[in-house]
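What's in input12.cif: mmCIF, C-alpha atoms
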```
data_run
loop_
_atom_site.label_atom_id
_atom_site.label_comp_id
_atom_site.auth_asym_id
_atom_site.auth_seq_id
_atom_site.Cartn_x
_atom_site.Cartn_y
_atom_site.Cartn_z
CA MET A 1 14.10 53.62 -20.72
CA ASN A 2 10.32 53.66 -20.41
CA PHE A 3 9.17 52.27 -23.75
CA THR A 4 5.68 51.48 -22.46
CA GLU A 5 5.03 55.21 -22.04
CA SER A 6 6.44 56.17 -25.44
CA SER A 7 4.14 57.95 -27.86
CA SER A 8 2.12 55.69 -30.14
CA SER A 9 3.36 55.19 -33.69
CA TYR A 10 -0.16 55.99 -34.85
CA ARG A 11 -1.75 59.45 -34.94
CA HIS A 12 -5.31 60.76 -34.98
CA LEU A 13 -6.89 57.47 -33.95
CA GLU A 14 -10.30 59.14 -33.72
CA LYS A 15 -10.21 59.68 -37.50
CA MET A 16 -9.60 56.02 -38.34
CA LYS A 17 -12.37 53.80 -39.66
CA THR A 18 -13.19 50.70 -37.61
CA HIS A 19 -11.39 48.35 -40.00
CA GLU A 20 -8.25 50.48 -39.87
CA LEU A 21 -8.34 50.57 -36.06
CA LEU A 22 -8.64 46.80 -35.84
CA ILE A 23 -5.93 46.09 -38.41
CA ASN A 24 -3.49 48.46 -36.68
CA ILE A 25 -4.19 47.04 -33.23
CA ASN A 26 -3.70 43.53 -34.61
CA ASN A 27 -0.44 44.57 -36.27
CA GLU A 28 0.84 45.72 -32.89
CA ASP A 29 -0.40 42.55 -31.16
CA ASN A 30 1.54 40.45 -33.65
CA LYS A 31 4.77 41.82 -32.18
CA VAL A 32 4.05 40.46 -28.71
CA ALA A 33 4.78 36.76 -29.20
CA GLU A 34 8.28 37.44 -30.52
CA ALA A 35 9.01 39.71 -27.55
CA VAL A 36 7.90 36.89 -25.23
CA ARG A 37 10.07 34.39 -27.13
CA LYS A 38 13.17 36.51 -26.49
CA ALA A 39 12.54 36.22 -22.74
CA ILE A 40 12.32 32.40 -22.69
CA PRO A 41 15.82 31.90 -21.15
CA GLN A 42 14.86 33.92 -18.05
CA THR A 43 11.40 32.34 -17.94
CA GLU A 44 12.98 28.87 -18.00
CA LYS A 45 15.16 29.70 -14.99
CA LEU A 46 12.18 31.00 -13.05
CA VAL A 47 10.00 27.97 -13.88
CA ASP A 48 12.68 25.53 -12.71
CA LEU A 49 13.21 27.49 -9.51
CA ILE A 50 9.47 27.64 -8.72
CA ALA A 51 9.00 23.91 -9.39
CA ASP A 52 11.88 23.06 -7.05
CA LYS A 53 10.43 25.32 -4.33
CA MET A 54 6.95 23.82 -4.69
CA LEU A 55 8.26 20.27 -4.50
CA SER A 56 9.92 21.31 -1.24
CA GLY A 57 6.67 22.66 0.22
CA GLY A 58 6.80 26.24 -1.08
CA ARG A 59 4.20 28.44 -2.76
CA LEU A 60 4.09 30.91 -5.63
CA PHE A 61 2.91 34.49 -5.13
CA TYR A 62 2.07 37.02 -7.82
CA ILE A 63 1.92 40.66 -6.74
CA GLY A 64 0.98 43.68 -8.83
CA ALA A 65 -1.26 46.71 -9.26
CA GLY A 66 -4.02 47.47 -11.75
CA THR A 67 -4.04 45.31 -14.87
CA SER A 68 -0.84 43.54 -13.79
CA GLY A 69 -2.36 42.60 -10.44
CA ARG A 70 -5.56 41.38 -12.05
CA LEU A 71 -3.65 39.17 -14.48
CA GLY A 72 -1.80 37.55 -11.58
CA ILE A 73 -5.05 36.88 -9.76
CA VAL A 74 -6.61 35.31 -12.87
CA ASP A 75 -3.65 32.98 -13.34
CA ALA A 76 -3.56 31.99 -9.67
CA SER A 77 -7.31 31.38 -9.51
CA GLU A 78 -7.21 29.02 -12.49
CA CYS A 79 -4.62 26.64 -11.05
CA PRO A 80 -6.87 24.73 -8.59
CA PRO A 81 -9.69 23.91 -11.05
CA THR A 82 -7.33 23.16 -13.93
CA TYR A 83 -4.72 21.10 -12.09
CA GLY A 84 -6.45 20.04 -8.87
CA VAL A 85 -3.89 21.71 -6.61
CA GLU A 86 -4.99 23.07 -3.26
CA GLN A 87 -6.17 26.64 -2.87
CA GLY A 88 -3.24 28.74 -1.70
CA LEU A 89 -0.48 27.01 -3.64
CA VAL A 90 -0.54 29.88 -6.14
CA ILE A 91 -1.70 33.22 -4.71
CA GLY A 92 -2.42 36.48 -6.50
CA ILE A 93 -2.22 39.77 -4.60
CA ILE A 94 -3.32 43.15 -5.95
CA ALA A 95 -2.67 46.65 -4.60
CA GLY A 96 -5.83 47.91 -2.96
CA GLY A 97 -7.14 44.45 -2.04
CA ASP A 98 -9.97 42.44 -3.55
CA SER A 99 -12.07 45.53 -4.32
CA ALA A 100 -9.33 46.60 -6.77
CA ILE A 101 -10.05 43.55 -8.93
CA ARG A 102 -13.17 45.26 -10.26
CA LYS A 103 -12.57 48.93 -9.56
CA ALA A 104 -9.36 50.97 -9.44
CA VAL A 105 -8.31 51.99 -5.92
CA GLU A 106 -6.75 55.43 -6.04
CA PHE A 107 -3.05 55.65 -5.19
CA ALA A 108 -2.91 52.05 -3.90
CA GLU A 109 0.04 51.31 -6.17
CA ASP A 110 2.07 54.20 -4.70
CA ASP A 111 2.46 52.62 -1.23
CA THR A 112 5.95 51.11 -0.96
CA GLU A 113 5.20 49.27 2.31
CA GLN A 114 1.76 47.76 1.74
CA GLY A 115 2.94 45.02 -0.63
CA TRP A 116 5.07 43.39 2.06
CA LYS A 117 2.24 43.78 4.59
CA ASP A 118 -0.13 42.02 2.18
CA LEU A 119 2.35 39.18 1.71
CA GLN A 120 2.74 38.79 5.47
CA LEU A 121 -0.99 38.10 5.77
CA HIS A 122 -0.20 34.79 4.06
CA ASN A 123 2.68 33.94 6.44
CA ILE A 124 5.21 34.10 3.62
CA THR A 125 8.54 32.34 4.24
CA SER A 126 11.82 31.65 2.48
CA LYS A 127 10.25 28.47 1.04
CA ASP A 128 8.11 30.64 -1.24
CA VAL A 129 8.70 32.56 -4.49
CA VAL A 130 7.29 36.02 -5.21
CA ILE A 131 6.86 37.34 -8.75
CA GLY A 132 6.27 41.06 -9.14
CA ILE A 133 4.22 42.03 -12.19
CA ALA A 134 4.54 45.60 -13.44
CA ALA A 135 4.41 46.75 -17.06
CA SER A 136 6.35 49.94 -16.32
CA GLY A 137 8.75 48.19 -13.97
CA ARG A 138 8.55 51.04 -11.48
CA THR A 139 5.33 50.48 -9.50
CA PRO A 140 6.20 51.42 -5.88
CA TYR A 141 3.88 48.77 -4.40
CA VAL A 142 5.76 46.05 -6.29
CA VAL A 143 9.22 47.55 -5.85
CA GLY A 144 8.78 47.75 -2.08
CA ALA A 145 7.42 44.21 -1.84
CA LEU A 146 10.28 42.65 -3.81
CA LYS A 147 12.94 44.65 -1.98
CA THR A 148 11.65 43.52 1.42
CA CYS A 149 11.28 39.94 0.21
CA ARG A 150 14.95 39.84 -0.73
CA ASP A 151 15.88 41.42 2.59
CA ASN A 152 14.10 38.47 4.21
CA GLY A 153 15.73 35.77 2.08
CA ILE A 154 12.73 35.17 -0.16
CA VAL A 155 13.42 34.42 -3.83
CA THR A 156 11.94 36.97 -6.22
CA GLY A 157 11.15 37.20 -9.92
CA CYS A 158 9.39 39.75 -12.07
CA ILE A 159 7.55 40.25 -15.34
CA VAL A 160 8.09 43.75 -16.73
CA CYS A 161 7.93 45.40 -20.14
CA ASN A 162 10.75 47.92 -19.88
CA PRO A 163 14.50 47.19 -19.74
CA ASP A 164 16.66 47.78 -16.65
CA SER A 165 13.73 48.78 -14.47
CA LEU A 166 13.62 49.36 -10.73
CA VAL A 167 11.46 46.26 -10.26
CA SER A 168 14.04 44.17 -12.13
CA LYS A 169 16.79 45.40 -9.82
CA HIS A 170 14.99 43.75 -6.91
CA ALA A 171 14.30 40.46 -8.73
CA ASP A 172 16.60 37.46 -8.60
CA ILE A 173 15.28 36.48 -12.04
CA ALA A 174 13.90 39.29 -14.19
CA ILE A 175 11.69 38.52 -17.19
CA GLU A 176 11.78 41.61 -19.39
CA VAL A 177 9.36 41.45 -22.32
CA ILE A 178 9.97 44.62 -24.30
CA THR A 179 6.71 45.31 -26.11
CA GLY A 180 7.35 48.98 -26.94
CA ALA A 181 4.86 51.80 -27.41
CA GLU A 182 1.17 50.97 -27.15
CA PHE A 183 -1.42 51.68 -29.86
CA VAL A 184 -3.05 54.11 -27.43
CA THR A 185 -0.12 55.87 -25.76
CA GLY A 186 0.54 54.44 -22.30
CA SER A 187 -2.37 51.96 -22.34
CA THR A 188 -0.39 49.01 -21.01
CA ARG A 189 -3.48 46.82 -20.70
CA MET A 190 -2.92 46.23 -24.42
CA LYS A 191 0.43 44.80 -25.66
CA ALA A 192 2.10 44.79 -22.26
CA GLY A 193 -0.91 43.10 -20.66
CA THR A 194 -1.03 40.51 -23.44
CA ALA A 195 2.67 39.79 -22.97
CA GLN A 196 2.27 39.39 -19.21
CA LYS A 197 -0.66 37.02 -19.71
CA LEU A 198 1.37 34.90 -22.13
CA VAL A 199 4.29 34.67 -19.70
CA LEU A 200 2.00 33.82 -16.80
CA ASN A 201 0.43 31.04 -18.89
CA MET A 202 3.90 29.69 -19.63
CA ILE A 203 5.02 29.82 -16.01
CA SER A 204 2.00 28.23 -14.34
CA THR A 205 1.46 25.60 -17.04
CA SER A 206 5.11 24.53 -17.09
CA VAL A 207 5.33 24.46 -13.29
CA MET A 208 2.18 22.34 -12.98
CA ILE A 209 3.54 19.88 -15.54
CA LYS A 210 6.89 19.68 -13.75
CA ILE A 211 5.28 18.97 -10.36
CA GLY A 212 3.24 16.11 -11.83
CA ARG A 213 -0.22 17.59 -12.37
CA VAL A 214 -0.40 16.61 -16.06
CA GLU A 215 -0.02 13.17 -17.63
CA ASP A 216 0.70 12.85 -21.35
CA ASN A 217 -1.18 15.99 -22.48
CA LYS A 218 -4.18 15.57 -20.19
CA MET A 219 -5.47 17.54 -17.19
CA VAL A 220 -5.92 14.36 -15.18
CA ASN A 221 -6.27 16.23 -11.87
CA MET A 222 -8.80 18.85 -12.97
CA GLN A 223 -11.73 19.58 -10.67
CA LEU A 224 -15.13 18.41 -11.89
CA THR A 225 -16.85 21.77 -11.53
CA ASN A 226 -19.30 21.57 -14.44
CA ASN A 227 -20.90 19.13 -16.86
CA LYS A 228 -18.45 19.93 -19.64
CA LEU A 229 -15.50 18.93 -17.45
CA VAL A 230 -17.27 15.78 -16.26
CA GLU A 231 -17.81 14.73 -19.87
CA ARG A 232 -14.19 15.56 -20.76
CA GLY A 233 -12.98 13.56 -17.76
CA ALA A 234 -15.20 10.61 -18.61
CA ASN A 235 -13.73 10.53 -22.11
CA MET A 236 -10.22 10.46 -20.62
CA VAL A 237 -11.16 7.57 -18.33
CA MET A 238 -12.78 5.72 -21.24
CA GLU A 239 -9.63 6.17 -23.34
CA ALA A 240 -7.37 4.93 -20.52
CA THR A 241 -9.49 1.98 -19.38
CA GLY A 242 -11.57 0.78 -22.32
CA LEU A 243 -14.75 1.11 -20.27
CA SER A 244 -17.97 2.39 -21.76
CA GLN A 245 -18.93 6.06 -21.52
CA ILE A 246 -21.47 5.34 -18.77
CA GLU A 247 -19.06 3.16 -16.77
CA SER A 248 -16.27 5.72 -17.16
CA LYS A 249 -18.47 8.54 -15.92
CA GLU A 250 -19.59 6.50 -12.90
CA LEU A 251 -15.98 5.66 -12.04
CA LEU A 252 -14.92 9.28 -12.46
CA LEU A 253 -17.64 10.61 -10.19
CA GLN A 254 -16.90 7.92 -7.61
CA TYR A 255 -13.22 8.89 -7.29
CA GLY A 256 -13.38 12.60 -8.15
CA SER A 257 -10.57 12.85 -10.70
CA VAL A 258 -9.36 11.15 -13.84
CA LYS A 259 -6.07 10.18 -12.20
CA LYS A 260 -7.69 8.51 -9.19
CA ALA A 261 -10.35 6.80 -11.30
CA VAL A 262 -7.79 5.27 -13.65
CA GLU A 263 -5.43 4.28 -10.82
CA ASN A 264 -8.22 2.51 -8.93
CA PHE A 265 -9.40 0.72 -12.07
CA LYS A 266 -5.89 -0.53 -12.87
CA SER A 267 -5.26 -1.65 -9.28
CA LYS A 268 -8.16 -4.10 -9.35
#
```
Rewritten as structure tokens:
Amino acid sequence: MNFTESSSSYRHLEKMKTHELLININNEDNKVAEAVRKAIPQTEKLVDLIADKMLSGGRLFYIGAGTSGRLGIVDASECPPTYGVEQGLVIGIIAGGDSAIRKAVEFAEDDTEQGWKDLQLHNITSKDVVIGIAASGRTPYVVGALKTCRDNGIVTGCIVCNPDSLVSKHADIAIEVITGAEFVTGSTRMKAGTAQKLVLNMISTSVMIKIGRVEDNKMVNMQLTNNKLVERGANMVMEATGLSQIESKELLLQYGSVKKAVENFKSK
């Protein structure tokens, strides 16, 4: 069943006042977290599998089209600055290439062979994991990529918002977050997109914790890419070492991360 394309429960949206529009959209959004909660058992399996693969030298790929592809790219791009992992450990791929991040590329999602070709550009192997992201669960670009991955012994997962979808059939672990009809009929950038973003947050955050990129509740490996993060890091060093703010900042900048700064301080 294709719930994401079902007709909206609301009619004549153009006649609603602004307050009514916002309240109704928010009412629909409130349903998303519970839908995500129901998919935690499958998400847990996928997180544990990805962490094991990464600790054995593997990578994580997200692949999707349109909004789904963009969400994967956002999640992948945030892993290096947040957790200090190398570029390329988590990779987002979108149908139509980088230009599709900003502007829709016509019919890119309909090519069943291009997804695998795009993955091959990264020398994908059986050490890696590929997660297909598709609200409808039927995007040909994603279906073709996952099918060929499995044919080549590569573990696959998916994040979809319809039950028993074609994408799910080609995933070893299928995360199905059933968000139902959208406020604007078929506009899956809304509830479905929110659900996918929540699941991606859960996956990448949990994986990074499990592979040792977080200590206590701190981003001790974050990259120092702006003044705000330098100040945050200096406060972490100060808390861990008892040094002054100035001394902590100097130590942080000398070693480049909270983890290394604290380790070097404690080794003296």
Of the residues A:Asp151, A:Asp98, A:Glu176, A:Glu263, which is the one nearest to Ser136 of chain A, using only C-alpha atoms?
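Closest to Ser136 of chain A, using only C-alpha atoms: A:Glu176.
Near (1.7, 28.2, -5.9), the residues inside the 7 Å limit, counting all atoms listed in the file, come to Met54, Arg59, Leu60, Phe61, Gly88, Leu89, Val90 and Ile91 of chain A.
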Excluding same-chain residues fewer than 2 positions from Glu182 of chain A, what lies within 12 Å of it counting all atoms listed in the file, as a PyMOL selection string?
chain A and resi 2-11+24-29+31-32+135+161+178-180+184-194
Evaluate the PyMOL selection byres ((chain A and resi 76) around 8) against this structure - the residues, as a list in words, please.
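Applying the expression gives Tyr62, Gly72, Ile73, Val74, Asp75, Ser77, Glu78, Cys79, Val90, Ile91 and Gly92 of chain A.
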Starting from the point (10.5, 34.8, -25.0), work out which residues of protein, DNA or RNA have an atom no more than 10 Å away when counting only C-alpha atoms; state them as an NGL selection string.
:A and (32-44 or 175-178 or 195 or 198-199 or 202)
Given the file shown, enumerate the residues that the PyMOL selection byres ((chain A and resi 120) around 12) captures and present them as a ChimeraX atom specification.
/A:61,93,113-119,121-126,128,130,145,148-149,152
Run the PyMOL selection byres ((chain A and resi 69) around 9) mentally over the shown coordinates, then write out the matched residues as a list in words, using the chain letters and numbers from the document.
Tyr62, Ile63, Gly64, Ala65, Gly66, Thr67, Ser68, Arg70, Leu71, Gly72, Ile73, Val74, Gly92, Ile93, Ile94, Ala95, Ala100, Ile101, Gly132, Ile133 and Ala134 of chain A
Pick from A:Gly233, A:Gly137, A:Pro81, A:Gly97: nearest to Glu250 of chain A, with all atoms listed in the file counted?
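The closest residue to Glu250 of chain A is A:Gly233.
In this model, the gap between atom CA of Thr205 of chain A and atom CA of Asn221 of chain A comes to 13.2 Å.
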Computed interatomic separation between atom CA of Ala234 of chain A and atom CA of Gly256 of chain A (Å)
10.8 Å
Pick the closest to Val220 of chain A from A:Tyr141, A:Lys266, A:Val85, A:Gln196: which is it, counting all atoms listed in the file?
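Selected residue with least distance to Val220 of chain A: A:Val85.
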Could you list, with a cut-off of 10 Å and counting only C-alpha atoms, the residues of segment 168-232 of chain A near segment 46-50 of chain A, each shown with its nearest atom pair and the distance in Å rounded to one decimal, rows sorted by chain and ascending number, as a tab-separated table?
```
residue	atom	partner	partner_atom	distance
A:Asp172	CA	A:Leu46	CA	9.0
A:Ile173	CA	A:Leu46	CA	6.4
A:Ala174	CA	A:Leu46	CA	8.5
A:Ile175	CA	A:Leu46	CA	8.6
A:Met202	CA	A:Val47	CA	8.6
A:Ile203	CA	A:Val47	CA	5.7
A:Ser204	CA	A:Val47	CA	8.0
A:Thr205	CA	A:Val47	CA	9.4
A:Ser206	CA	A:Val47	CA	6.8
A:Val207	CA	A:Val47	CA	5.9
A:Met208	CA	A:Val47	CA	9.7
A:Lys210	CA	A:Asp48	CA	8.3
A:Ile211	CA	A:Ile50	CA	9.8
```
Save the residues we just selected, C-alpha atoms, as a compact mmCIF listing (two decimals), in the coordinates of the input?
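Ended up saving to result_1.txt:
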```
# COMPACT_ATOMS: atom_id res chain seq x y z
CA ASP A 172 16.60 37.46 -8.60
CA ILE A 173 15.28 36.48 -12.04
CA ALA A 174 13.90 39.29 -14.19
CA ILE A 175 11.69 38.52 -17.19
CA MET A 202 3.90 29.69 -19.63
CA ILE A 203 5.02 29.82 -16.01
CA SER A 204 2.00 28.23 -14.34
CA THR A 205 1.46 25.60 -17.04
CA SER A 206 5.11 24.53 -17.09
CA VAL A 207 5.33 24.46 -13.29
CA MET A 208 2.18 22.34 -12.98
CA LYS A 210 6.89 19.68 -13.75
CA ILE A 211 5.28 18.97 -10.36
```
Atom pair atom CA of Asn217 of chain A + atom CA of Leu252 of chain A, distance 18.3 Å
